[in-house]
Amino acid sequence: MNRSTISLIAGTAALAAVTGFASLHTPEAADAGTAKAAAQLPVERTSLLCPAPSASDLAETTYTSFTPVTKGTGSDGRAELAAATAKSAAGAKGNGKGKKAAKPVLTPKEPGKPVDGDTSGADAPALVGTAEGKFAPGWTVQETTEVAAGIGRGLLGVNCAVPDTDFWFPGASTAAGRTDYVHLTNPDDSAAVVDIELYGKDGSLKSEVGEGIAVPPHGSEPILLSTLTGGPQADLTVHVNVRSGRVGAAVQALDAKSGGDWLTASTEPAGSLVLPGIPKDATAVRLIAFTPSDSDADLKVRLASPTGLITPAGNETLHIKAGMTAAVDLGDLTRGEAGSLVLTPTDTAVPFVAALEVVRGKGAKQETAFIPATAPVTARATVAGNTARGTILSLTAPDGAAQVKVTASAGSEGGTAATKTYTIKSGTTQDVELPVPAGLKGTYALTVERVSGGAVYASRTLLAPADGIPAFTVQTLPDDRGTVAVPDAEQDLSVLQK
């Protein structure tokens with residue numbers, strides 16, 4: 001027996017003495033009929049990051065936190081949302097010189113009931129949130145801001161995001177009248193290093209300024225896109241690539257004439273994408289798409305309407321050149337009916353990302369929002385911050401009929417939860433009649449669960465008209481990934497004797 005074998009046995013024995021040894025049953029060790037599928041168990045910890053809401057002194061921001069009730073969770077847990085600047089790098093290392101922890105903006109009391117918090121003005125910071133135990137599965141936080149006047153006036157909304165390392169944002173711009181920022185928020189104890197790449201209609205825009213951007217621990221950095229380009233670009237795709245660490249990322253797109261909103265990341269590049277929930281009264285719809293592939297992408301463009309899939313006249317297909325941003329104006333695409341855009345390959349599938357810029361109103365009374373391509377609701381998705389009279393839920397089943405259950409939670413200040421079940425026909429989009437919590441006071445959350453059938457895509461529109469401006473914001477509802485597959489395993493110390 002050589003030295004390497006002796007070391008391996010000794011190390012294995014030491015590990016077993018401390019923790020035991022988990023082994024999966026192999027086909028030879030167990031009957032095929034007794035094998036168990038991986039169990040779906042609730043996640044135990046969730047992190048969320050909210051960007052700084054506005055640089056306007058007139059901004060009024062509401063945060064709403066909600067965790068749906070999930071079977072299988074214990075009785076313990078906690079969740080809170082606090083300023084991203086609560087800790088410095090020095091404080092994180094434990095030398096006692098960091099800033100004192102900020103008072104939480106929100107501290108949820110129980111799953112199943114939303115909690116609201118408010119702030120105002122231009123100094124509201126980015127927020128870092130953590131939920132553990134019973135508060136973790138499906139935790140969502142909505143940030144909604146009303147700006148009465150000035151650039152970006154109107155309603156801005158964003159779902160606070162899970163930290164990640166790669167983001168694609170088709171739909172940004174540095175055109176005249178647009179002021180777009182990429183907000184980067186770091187939840188961790190060490191600095192994150194980020195590269196920002198920009199792609200226009202002619203390809204990559206070279207800029208050393210966007211390379212190696214440091215985001216401090218528990219801090220946030222807004223990056224003005226126009227400082228990364230040599231000139232105005234009407235349609236941009238922004239790629240945020242994290243070299244080290246992880247961040248939350250979102251683009252705040254502000255227009256001097258037509259308001260603005262948050263542009264969140266498109267779902268990861270794929271050969272087919274769905275962009276759900278175009279408002280029925282949209283006066284202009286613009287599609288922006290990009291492929292990171294070395295090959296061009298040719299797409300079939302269809303609208304999932306209440307009656308089925310429709311090909312828009314004059315915009316039947318879209319060609320995306322490799323490494324270049326493509327954009328096309330689709331006009332008043334929905335023509336008074338609910339709709340979602342479905343993009344599929346005409347032949348060979350090439351991965352791409354996409355988003356819609358949507359306008360409601362006309363002239364000086366316009367307002368803008370964005371709808372990125374999103375992932376389907378495979379099990380459950382939740383969105384908070386809904387109001388009694390200003391919420392529209394859109395459900396799309398592009399490939400096959402689906403049954404969907406929607407639950408309206410108790411209100412943040414009172415009310416009883418209500419549930420309805422809907423059947424969405426294949427190839428259609430429906431703006432469903434929402435269940436209303438009895439005795440509703442305050443805001444409420446909507447939880448969407450796919451019961452059976454084909455893939456379901458969802459989005460929520462908030463409406464807040466003011467002074468003749470049809471202010472609105474749209475948030476997509478990807479699956480909340482509130483559970484994780486845990487394979488069947490058991491302790492087996494006999495492996496140490498083999």
# chains A, B, ... in the order shown; residues from 1 in each chain; ligands from 1
>>> residues_around(residues="Ser207 (chain A)", least_positions_apart="5", cutoff="10 Å", atoms="only C-alpha atoms", output="list in words")
Ile196, Glu197, Leu198, Thr227, Leu228, Thr229 and Gly230 of chain A
>>> residues_around(residues="Gln40 (chain A)", least_positions_apart="4", cutoff="7 Å", atoms="only C-alpha atoms", output="ChimeraX atom specification")
/A:483-486
>>> closest_atom_pairs(of="region 386-482 of chain A", to="region 66-85 of chain A", cutoff="10 Å", atoms="only C-alpha atoms", output="tab-separated table")
residue	atom	partner	partner_atom	distance
A:Thr407	CA	A:Pro68	CA	9.6
A:Ser409	CA	A:Pro68	CA	8.3
A:Ser412	CA	A:Phe66	CA	9.4
A:Tyr444	CA	A:Phe66	CA	8.7
A:Ala445	CA	A:Phe66	CA	6.9
A:Leu446	CA	A:Pro68	CA	9.2
A:Thr447	CA	A:Pro68	CA	7.4
A:Gly482	CA	A:Thr70	CA	8.4
>>> residues_around(residues="Ala192 (chain A)", least_positions_apart="4", cutoff="8 Å", atoms="only C-alpha atoms", output="number ranges by chain")
A: 186, 214-217, 242-247
>>> write_last_selection(atoms="N, CA, C and O atoms", output="compact mmCIF listing (two decimals), in the first residue's frame")
# COMPACT_ATOMS: atom_id res chain seq x y z
N ASN A 186 -23.51 45.72 -4.43
CA ASN A 186 -22.71 44.59 -3.95
C ASN A 186 -23.18 44.19 -2.55
O ASN A 186 -23.06 44.97 -1.61
N ALA A 214 -14.88 48.95 -9.79
CA ALA A 214 -14.93 48.38 -8.44
C ALA A 214 -16.20 48.82 -7.73
O ALA A 214 -16.51 50.02 -7.68
N VAL A 215 -16.95 47.86 -7.21
CA VAL A 215 -18.14 48.14 -6.41
C VAL A 215 -17.82 47.77 -4.97
O VAL A 215 -17.55 46.60 -4.68
N PRO A 216 -17.80 48.73 -4.05
CA PRO A 216 -17.32 48.46 -2.69
C PRO A 216 -18.22 47.48 -1.93
O PRO A 216 -19.39 47.30 -2.28
N PRO A 217 -17.69 46.85 -0.90
CA PRO A 217 -18.49 45.93 -0.09
C PRO A 217 -19.73 46.62 0.47
O PRO A 217 -19.66 47.75 0.95
N VAL A 242 -19.40 40.22 -14.32
CA VAL A 242 -18.73 40.36 -13.02
C VAL A 242 -17.48 39.50 -13.00
O VAL A 242 -17.57 38.27 -13.06
N ARG A 243 -16.31 40.13 -12.92
CA ARG A 243 -15.04 39.39 -12.88
C ARG A 243 -14.86 38.67 -11.55
O ARG A 243 -14.42 37.53 -11.49
N SER A 244 -15.15 39.37 -10.46
CA SER A 244 -15.03 38.77 -9.13
C SER A 244 -16.16 39.27 -8.26
O SER A 244 -16.59 40.41 -8.37
N GLY A 245 -16.66 38.39 -7.39
CA GLY A 245 -17.80 38.73 -6.55
C GLY A 245 -19.11 38.53 -7.27
O GLY A 245 -19.21 37.76 -8.24
N ARG A 246 -20.12 39.24 -6.83
CA ARG A 246 -21.45 39.19 -7.44
C ARG A 246 -22.14 40.51 -7.14
O ARG A 246 -21.83 41.19 -6.16
N VAL A 247 -23.10 40.89 -7.99
CA VAL A 247 -23.80 42.16 -7.82
C VAL A 247 -25.27 41.99 -8.22
O VAL A 247 -25.65 41.02 -8.85
>>> closest_residue(among="A:Gly157, A:Pro478, A:Pro376, A:Gly385", to="Pro398 (chain A)", atoms="only C-alpha atoms")
A:Pro376
>>> closest_atom_pairs(of="region 158-271 of chain A", to="region 355-361 of chain A", cutoff="7 Å", atoms="only C-alpha atoms", output="tab-separated table")
residue	atom	partner	partner_atom	distance
A:Pro170	CA	A:Ala355	CA	5.8
A:Gly171	CA	A:Ala355	CA	6.1
A:Ser266	CA	A:Ala355	CA	6.7
>>> write_last_selection(atoms="N, CA and C atoms", output="PDB file, in the first residue's frame")
ATOM      1  N   PRO A 170     -30.831  44.622 -23.281  1.00  0.00           N
ATOM      2  CA  PRO A 170     -31.179  45.270 -24.548  1.00  0.00           C
ATOM      3  C   PRO A 170     -32.260  46.321 -24.294  1.00  0.00           C
ATOM      4  N   GLY A 171     -32.110  47.511 -24.870  1.00  0.00           N
ATOM      5  CA  GLY A 171     -33.117  48.559 -24.667  1.00  0.00           C
ATOM      6  C   GLY A 171     -32.588  49.817 -24.032  1.00  0.00           C
ATOM      7  N   SER A 266     -32.808  40.937 -19.300  1.00  0.00           N
ATOM      8  CA  SER A 266     -33.476  39.887 -20.064  1.00  0.00           C
ATOM      9  C   SER A 266     -33.094  38.543 -19.478  1.00  0.00           C
TER      10      SER A 266
END
>>> residues_around(residues="His319 (chain A)", least_positions_apart="3", cutoff="7 Å", atoms="only C-alpha atoms", output="list in words")
Ala297, Asp298 and Leu299 of chain A
>>> residues_around(residues="Asn386 (chain A)", least_positions_apart="5", cutoff="10 Å", atoms="only C-alpha atoms", output="list of chain:residue names")
A:Thr64, A:Gln142, A:Thr391, A:Ile392, A:Ala408, A:Ser409, A:Gly411, A:Gly442, A:Thr443, A:Tyr444, A:Ala445, A:Leu446, A:Arg460, A:Thr461, A:Leu462, A:Leu463
>>> residues_around(residues="Ile371 (chain A)", least_positions_apart="6", cutoff="10 Å", atoms="only C-alpha atoms", output="list in words")
Gly171, Trp262, Leu263, Thr264, Ala265, Ser266, Val274, Leu275, Pro276, Gly277, Ile278, Leu287, Ser340, Leu341, Ala354, Ala355, Leu356, Glu357, Val358, Ser459, Thr473, Val474, Gln475 and Thr476 of chain A
>>> select_by_dssp(residues="region 257-338 of chain A", states="strand (DSSP E)", output="number ranges by chain")
A: 259-263, 273-278, 282-290, 297-305, 308-310, 317-320, 325-331
>>> write_last_selection(atoms="C-alpha atoms", output="PDB file, in the first residue's frame")
ATOM      1  CA  GLY A 259     -40.921  59.658 -18.528  1.00  0.00           C
ATOM      2  CA  GLY A 260     -38.937  56.522 -17.819  1.00  0.00           C
ATOM      3  CA  ASP A 261     -38.678  53.312 -15.858  1.00  0.00           C
ATOM      4  CA  TRP A 262     -36.339  50.573 -14.741  1.00  0.00           C
ATOM      5  CA  LEU A 263     -35.060  48.203 -17.412  1.00  0.00           C
ATOM      6  CA  LEU A 273     -38.156  34.070 -26.032  1.00  0.00           C
ATOM      7  CA  VAL A 274     -41.447  35.456 -24.726  1.00  0.00           C
ATOM      8  CA  LEU A 275     -42.094  39.085 -23.684  1.00  0.00           C
ATOM      9  CA  PRO A 276     -45.437  39.062 -21.828  1.00  0.00           C
ATOM     10  CA  GLY A 277     -47.990  41.719 -20.979  1.00  0.00           C
ATOM     11  CA  ILE A 278     -47.970  44.557 -23.522  1.00  0.00           C
ATOM     12  CA  ALA A 282     -49.962  50.955 -25.926  1.00  0.00           C
ATOM     13  CA  THR A 283     -49.443  53.675 -28.540  1.00  0.00           C
ATOM     14  CA  ALA A 284     -45.923  52.580 -29.506  1.00  0.00           C
ATOM     15  CA  VAL A 285     -43.942  49.376 -29.078  1.00  0.00           C
ATOM     16  CA  ARG A 286     -40.252  49.055 -29.951  1.00  0.00           C
ATOM     17  CA  LEU A 287     -38.417  45.715 -29.998  1.00  0.00           C
ATOM     18  CA  ILE A 288     -34.690  45.653 -29.215  1.00  0.00           C
ATOM     19  CA  ALA A 289     -32.708  42.403 -29.547  1.00  0.00           C
ATOM     20  CA  PHE A 290     -29.107  41.205 -29.550  1.00  0.00           C
ATOM     21  CA  ALA A 297     -30.201  35.121 -35.701  1.00  0.00           C
ATOM     22  CA  ASP A 298     -33.356  35.080 -37.824  1.00  0.00           C
ATOM     23  CA  LEU A 299     -36.575  35.244 -35.837  1.00  0.00           C
ATOM     24  CA  LYS A 300     -40.266  34.781 -36.485  1.00  0.00           C
ATOM     25  CA  VAL A 301     -42.237  37.591 -34.761  1.00  0.00           C
ATOM     26  CA  ARG A 302     -45.739  36.805 -33.480  1.00  0.00           C
ATOM     27  CA  LEU A 303     -48.211  38.394 -31.103  1.00  0.00           C
ATOM     28  CA  ALA A 304     -50.076  36.166 -28.655  1.00  0.00           C
ATOM     29  CA  SER A 305     -53.473  37.899 -28.566  1.00  0.00           C
ATOM     30  CA  GLY A 308     -54.426  33.270 -30.737  1.00  0.00           C
ATOM     31  CA  LEU A 309     -51.049  33.876 -32.375  1.00  0.00           C
ATOM     32  CA  ILE A 310     -50.980  36.696 -34.937  1.00  0.00           C
ATOM     33  CA  THR A 317     -39.443  38.467 -39.119  1.00  0.00           C
ATOM     34  CA  LEU A 318     -36.424  40.080 -37.459  1.00  0.00           C
ATOM     35  CA  HIS A 319     -32.796  39.647 -38.526  1.00  0.00           C
ATOM     36  CA  ILE A 320     -30.133  40.146 -35.836  1.00  0.00           C
ATOM     37  CA  THR A 325     -28.108  45.380 -31.639  1.00  0.00           C
ATOM     38  CA  ALA A 326     -31.227  45.233 -33.829  1.00  0.00           C
ATOM     39  CA  ALA A 327     -34.312  47.375 -33.225  1.00  0.00           C
ATOM     40  CA  VAL A 328     -37.689  47.693 -34.936  1.00  0.00           C
ATOM     41  CA  ASP A 329     -40.760  49.861 -34.317  1.00  0.00           C
ATOM     42  CA  LEU A 330     -43.926  47.761 -34.080  1.00  0.00           C
ATOM     43  CA  GLY A 331     -46.318  50.724 -33.694  1.00  0.00           C
TER      44      GLY A 331
END
>>> decode(residues="region 58-84 of chain A", atoms="N, CA and C atoms", output="PDB file, in the first residue's frame")
ATOM      1  N   LEU A  58     -38.189  65.167  -5.796  1.00  0.00           N
ATOM      2  CA  LEU A  58     -39.646  64.986  -5.789  1.00  0.00           C
ATOM      3  C   LEU A  58     -40.060  63.521  -5.719  1.00  0.00           C
ATOM      4  N   ALA A  59     -39.094  62.632  -5.612  1.00  0.00           N
ATOM      5  CA  ALA A  59     -39.394  61.196  -5.638  1.00  0.00           C
ATOM      6  C   ALA A  59     -40.054  60.729  -4.347  1.00  0.00           C
ATOM      7  N   GLU A  60     -41.094  59.916  -4.504  1.00  0.00           N
ATOM      8  CA  GLU A  60     -41.773  59.261  -3.384  1.00  0.00           C
ATOM      9  C   GLU A  60     -41.738  57.763  -3.647  1.00  0.00           C
ATOM     10  N   THR A  61     -41.068  57.020  -2.770  1.00  0.00           N
ATOM     11  CA  THR A  61     -40.825  55.597  -3.016  1.00  0.00           C
ATOM     12  C   THR A  61     -41.474  54.730  -1.948  1.00  0.00           C
ATOM     13  N   THR A  62     -42.089  53.643  -2.403  1.00  0.00           N
ATOM     14  CA  THR A  62     -42.666  52.638  -1.510  1.00  0.00           C
ATOM     15  C   THR A  62     -41.994  51.298  -1.749  1.00  0.00           C
ATOM     16  N   TYR A  63     -41.594  50.625  -0.679  1.00  0.00           N
ATOM     17  CA  TYR A  63     -41.077  49.263  -0.751  1.00  0.00           C
ATOM     18  C   TYR A  63     -42.126  48.328  -0.157  1.00  0.00           C
ATOM     19  N   THR A  64     -42.356  47.206  -0.827  1.00  0.00           N
ATOM     20  CA  THR A  64     -43.275  46.200  -0.294  1.00  0.00           C
ATOM     21  C   THR A  64     -42.606  44.841  -0.306  1.00  0.00           C
ATOM     22  N   SER A  65     -42.571  44.207   0.871  1.00  0.00           N
ATOM     23  CA  SER A  65     -41.972  42.886   1.030  1.00  0.00           C
ATOM     24  C   SER A  65     -43.068  41.847   1.225  1.00  0.00           C
ATOM     25  N   PHE A  66     -42.846  40.653   0.614  1.00  0.00           N
ATOM     26  CA  PHE A  66     -43.833  39.581   0.779  1.00  0.00           C
ATOM     27  C   PHE A  66     -43.164  38.227   0.581  1.00  0.00           C
ATOM     28  N   THR A  67     -43.529  37.277   1.436  1.00  0.00           N
ATOM     29  CA  THR A  67     -43.141  35.873   1.279  1.00  0.00           C
ATOM     30  C   THR A  67     -44.395  35.020   1.257  1.00  0.00           C
ATOM     31  N   PRO A  68     -44.630  34.253   0.191  1.00  0.00           N
ATOM     32  CA  PRO A  68     -45.799  33.359   0.187  1.00  0.00           C
ATOM     33  C   PRO A  68     -45.609  32.232   1.195  1.00  0.00           C
ATOM     34  N   VAL A  69     -46.712  31.752   1.717  1.00  0.00           N
ATOM     35  CA  VAL A  69     -46.659  30.614   2.645  1.00  0.00           C
ATOM     36  C   VAL A  69     -46.224  29.378   1.870  1.00  0.00           C
ATOM     37  N   THR A  70     -45.208  28.690   2.384  1.00  0.00           N
ATOM     38  CA  THR A  70     -44.634  27.535   1.699  1.00  0.00           C
ATOM     39  C   THR A  70     -44.652  26.316   2.614  1.00  0.00           C
ATOM     40  N   LYS A  71     -45.183  25.208   2.108  1.00  0.00           N
ATOM     41  CA  LYS A  71     -45.207  23.981   2.893  1.00  0.00           C
ATOM     42  C   LYS A  71     -43.789  23.471   3.128  1.00  0.00           C
ATOM     43  N   GLY A  72     -43.555  22.914   4.302  1.00  0.00           N
ATOM     44  CA  GLY A  72     -42.271  22.310   4.595  1.00  0.00           C
ATOM     45  C   GLY A  72     -41.282  23.207   5.299  1.00  0.00           C
ATOM     46  N   THR A  73     -41.629  24.491   5.497  1.00  0.00           N
ATOM     47  CA  THR A  73     -40.714  25.375   6.225  1.00  0.00           C
ATOM     48  C   THR A  73     -40.919  25.197   7.729  1.00  0.00           C
ATOM     49  N   GLY A  74     -39.892  25.530   8.496  1.00  0.00           N
ATOM     50  CA  GLY A  74     -40.009  25.464   9.946  1.00  0.00           C
ATOM     51  C   GLY A  74     -40.708  26.696  10.488  1.00  0.00           C
ATOM     52  N   SER A  75     -40.677  26.841  11.788  1.00  0.00           N
ATOM     53  CA  SER A  75     -41.346  27.968  12.433  1.00  0.00           C
ATOM     54  C   SER A  75     -40.412  29.160  12.641  1.00  0.00           C
ATOM     55  N   ASP A  76     -39.120  28.965  12.392  1.00  0.00           N
ATOM     56  CA  ASP A  76     -38.151  30.023  12.631  1.00  0.00           C
ATOM     57  C   ASP A  76     -37.801  30.747  11.339  1.00  0.00           C
ATOM     58  N   GLY A  77     -37.217  31.926  11.496  1.00  0.00           N
ATOM     59  CA  GLY A  77     -36.758  32.680  10.342  1.00  0.00           C
ATOM     60  C   GLY A  77     -36.822  34.168  10.581  1.00  0.00           C
ATOM     61  N   ARG A  78     -36.195  34.920   9.687  1.00  0.00           N
ATOM     62  CA  ARG A  78     -36.200  36.368   9.779  1.00  0.00           C
ATOM     63  C   ARG A  78     -35.933  36.944   8.404  1.00  0.00           C
ATOM     64  N   ALA A  79     -36.315  38.199   8.218  1.00  0.00           N
ATOM     65  CA  ALA A  79     -36.017  38.911   6.972  1.00  0.00           C
ATOM     66  C   ALA A  79     -35.930  40.396   7.281  1.00  0.00           C
ATOM     67  N   GLU A  80     -35.027  41.089   6.593  1.00  0.00           N
ATOM     68  CA  GLU A  80     -34.942  42.526   6.738  1.00  0.00           C
ATOM     69  C   GLU A  80     -34.291  43.137   5.513  1.00  0.00           C
ATOM     70  N   LEU A  81     -34.602  44.402   5.301  1.00  0.00           N
ATOM     71  CA  LEU A  81     -34.096  45.173   4.181  1.00  0.00           C
ATOM     72  C   LEU A  81     -33.484  46.438   4.754  1.00  0.00           C
ATOM     73  N   ALA A  82     -32.178  46.654   4.488  1.00  0.00           N
ATOM     74  CA  ALA A  82     -31.479  47.799   5.075  1.00  0.00           C
ATOM     75  C   ALA A  82     -30.581  48.445   4.031  1.00  0.00           C
ATOM     76  N   ALA A  83     -30.086  49.650   4.339  1.00  0.00           N
ATOM     77  CA  ALA A  83     -29.256  50.406   3.410  1.00  0.00           C
ATOM     78  C   ALA A  83     -28.016  49.629   3.013  1.00  0.00           C
ATOM     79  N   ALA A  84     -27.676  49.687   1.724  1.00  0.00           N
ATOM     80  CA  ALA A  84     -26.495  48.992   1.236  1.00  0.00           C
ATOM     81  C   ALA A  84     -25.220  49.584   1.807  1.00  0.00           C
TER      82      ALA A  84
END
